[in-house]
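Q: Below: one structure in structure tokens.
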Amino acid sequence: MGLTHFPHGVSSMGVPVMPGGGRFAGWWGKSYFVDYDHGNNGNTGLEPTTAVRDPQVAINLATTNDVIYIRNRDQDITSTDPEYIIPASTTNWSTAEAQTHLSIIGASNVSHIPTQEEHLGVALKGSSTTSSPVFTVNSAFFLLENVAFHRGSSTSGHLLLNGNSTSLRALGSVINNCLFRLDSSTGSYGALRNLDNWFVTVYGCTFHDCKFGVYMVGSNTTIRRVTVDSCLFRNQTAASVDTNITMSGSSSQDIVIKDCIFACNTPTAGEAKFINVTSAATGVVSGCQFPIDTTEGTVSMEINGLDAIACWQAVTTTTGDPTWGLAS
């Protein structure tokens, strides 16, 4: 590939990128490259040396099974925050319904380190002039890895997995090793909002000071087969968080919340719960850890039918729900 600003040996899920913009012929699709500091939107985007500048340009070029690599910005060493990538227009980023099996990978040379959000060099910041979500996914079997979010002027959350009762547009999506920071969306938005989609996995993500962290909404359909695994929820003040994980709307089936750490003050805003399941649900909450100073007997979780297994430092939920065992 020659000398580029991308890390050597860029890969997606262990699959190496080959010269010519592809990985393998056939099913695997093409690879596109985004370099905000050094790319040009007139380029083909098919090589690190011909990267485009704006992620939306690469998204518009991509089709089914393609992979988009976004390089981290050149860092200002005097700043404590990463340098953000911002939209080229007043419209935030989105995918199209026909772009199934699309992958977007943050390609910082250290962003592959699991659950270490300080290493996430690729940070997307929403437009300063729109209230829409920073990123809207309208395509099924979407993969997002190693990306951090900042809301900009968005009042509708960082990431929307968009669907409805007749089209589960973003079903099968996987969100891995991403950072959601300082989202204050109200209503039924949340930093990561899943609307009606099934088979969604959220793995190894961090939610820092988000009013609503993961918000799963079944507006006209039952949410099925959703997994939230190995995520970290934290906040600086109890009043900054309403709920960390919410399941609302129609009933939820086969929900798995496992191995998550709630390293935060017990939420005091709004619903004031770590986990809030507002309708009938089946599934499990397993191996999760909660603050050591949580008072037993307070209503800090409401799980409406989910089984609680091997959770630590948790509390008793409302009448009719299981008792969460305290660590000895």
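By order in the structure tokens, chains are A, B, ...; within a chain, residues start at 1; ligands start at 1, following the order shown.
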Determine which residues of region 156-300 of chain A receive a DSSP assignment of strand (DSSP E), computed from the backbone, and state them as a PyMOL selection string.
A: chain A and resi 159-161+174-176+179-181+192-195+201-203+206-208+212-218+223-224+227-229+232-234+243-249+252-258+261-262+273-277+281-286
Q: Find the spatial neighbours of region 232-247 of chain A, counting only C-alpha atoms, within a cut-off of 6 Å - ignore same-chain residues fewer than 2 positions away - and output them as a PyMOL selection string.
A: chain A and resi 206-209+211-216+260-277
Q: Suppose we keep C-alpha atoms; can you now write the selection as a PDB file, in the first residue's frame?
A:
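This is the output file out.pdb:
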ATOM      1  CA  THR A 206     -18.634   2.452  27.635  1.00  0.00           C
ATOM      2  CA  PHE A 207     -21.443   4.852  28.547  1.00  0.00           C
ATOM      3  CA  HIS A 208     -20.111   7.888  30.392  1.00  0.00           C
ATOM      4  CA  ASP A 209     -22.554  10.364  31.968  1.00  0.00           C
ATOM      5  CA  LYS A 211     -28.892  10.291  30.807  1.00  0.00           C
ATOM      6  CA  PHE A 212     -30.172   7.139  29.085  1.00  0.00           C
ATOM      7  CA  GLY A 213     -27.455   4.673  28.061  1.00  0.00           C
ATOM      8  CA  VAL A 214     -28.934   1.774  26.064  1.00  0.00           C
ATOM      9  CA  TYR A 215     -32.591   2.412  25.204  1.00  0.00           C
ATOM     10  CA  MET A 216     -34.458  -0.458  23.520  1.00  0.00           C
ATOM     11  CA  CYS A 260     -21.800  -5.416  32.750  1.00  0.00           C
ATOM     12  CA  ILE A 261     -20.289  -3.061  35.347  1.00  0.00           C
ATOM     13  CA  PHE A 262     -22.389  -0.239  36.752  1.00  0.00           C
ATOM     14  CA  ALA A 263     -19.518   1.799  38.205  1.00  0.00           C
ATOM     15  CA  CYS A 264     -21.613   4.805  39.033  1.00  0.00           C
ATOM     16  CA  ASN A 265     -23.688   6.539  41.635  1.00  0.00           C
ATOM     17  CA  THR A 266     -27.204   5.140  41.883  1.00  0.00           C
ATOM     18  CA  PRO A 267     -29.199   7.174  39.317  1.00  0.00           C
ATOM     19  CA  THR A 268     -31.501   9.779  40.847  1.00  0.00           C
ATOM     20  CA  ALA A 269     -33.004  11.495  37.779  1.00  0.00           C
ATOM     21  CA  GLY A 270     -36.329  10.432  36.285  1.00  0.00           C
ATOM     22  CA  GLU A 271     -36.864   6.679  36.694  1.00  0.00           C
ATOM     23  CA  ALA A 272     -33.730   6.489  38.866  1.00  0.00           C
ATOM     24  CA  LYS A 273     -32.833   2.885  37.994  1.00  0.00           C
ATOM     25  CA  PHE A 274     -29.781   1.026  36.740  1.00  0.00           C
ATOM     26  CA  ILE A 275     -32.026  -1.249  34.651  1.00  0.00           C
ATOM     27  CA  ASN A 276     -35.652  -0.426  33.881  1.00  0.00           C
ATOM     28  CA  VAL A 277     -37.839  -2.927  32.007  1.00  0.00           C
TER      29      VAL A 277
END
Q: Extract, using only C-alpha atoms, all DNA, RNA and protein residues at most 12 Å from region 98-101 of chain A, discarding same-chain residues fewer than 3 positions from it, and format them as a PyMOL selection string.
A: chain A and resi 27-30+59-68+94-95+104+137-144+167-174
Q: Can you pull out the residues contacting region 175-183 of chain A? Cut-off 7 Å, using only C-alpha atoms, and skip same-chain residues under 4 positions away; I want them as an MDAnalysis selection string.
A: chainID A and resid 114:115 117 143:151 157 191 201:211
Q: Between CA of Ile257 (chain A) and CA of Asn162 (chain A), measure the distance and give it in Å to one decimal.
A: 21.1 Å
Q: Pick the closest to Thr155 (chain A) from A:Gly305, A:Thr136, A:Tyr36, A:Ser131: which is it, counting only C-alpha atoms?
A: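 Smallest separation from Thr155 (chain A) among the options: A:Ser131.
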Q: Rounded to one decimal place, report the CA of Ser154 (chain A)-CA of Asn40 (chain A) distance in Å.
A: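 Atom-to-atom, CA of Ser154 (chain A) and CA of Asn40 (chain A) are spaced 26.5 Å apart.
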Q: Just to confirm, what's the straight-line distance from CA of Leu192 (chain A) to CA of Val52 (chain A) in Å (one decimal)?
A: 26.8 Å
Q: Between A:Gln56, A:Ser108, A:Ser156, A:Thr130, which residue has the minimum interatomic distance to Thr90 (chain A), considering only C-alpha atoms?
A: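 Looking only at the distances to Thr90 (chain A), the closest residue turns out to be A:Thr130.
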Q: Please, which residues of region 37-111 of chain A, numbered as in this document, come out alpha helix (DSSP H) from DSSP, as number ranges by chain?
A: A: 55-61
Q: Which is closest to Asn41 (chain A) among A:Thr282, A:Asn72, A:Ala88, A:Ser153, if we use only C-alpha atoms?
A: A:Ala88
Q: Using only C-alpha atoms, which residue out of A:Phe33, A:Phe199, A:Trp93, A:Tyr189 lies closest to Phe135 (chain A)?
A: A:Trp93
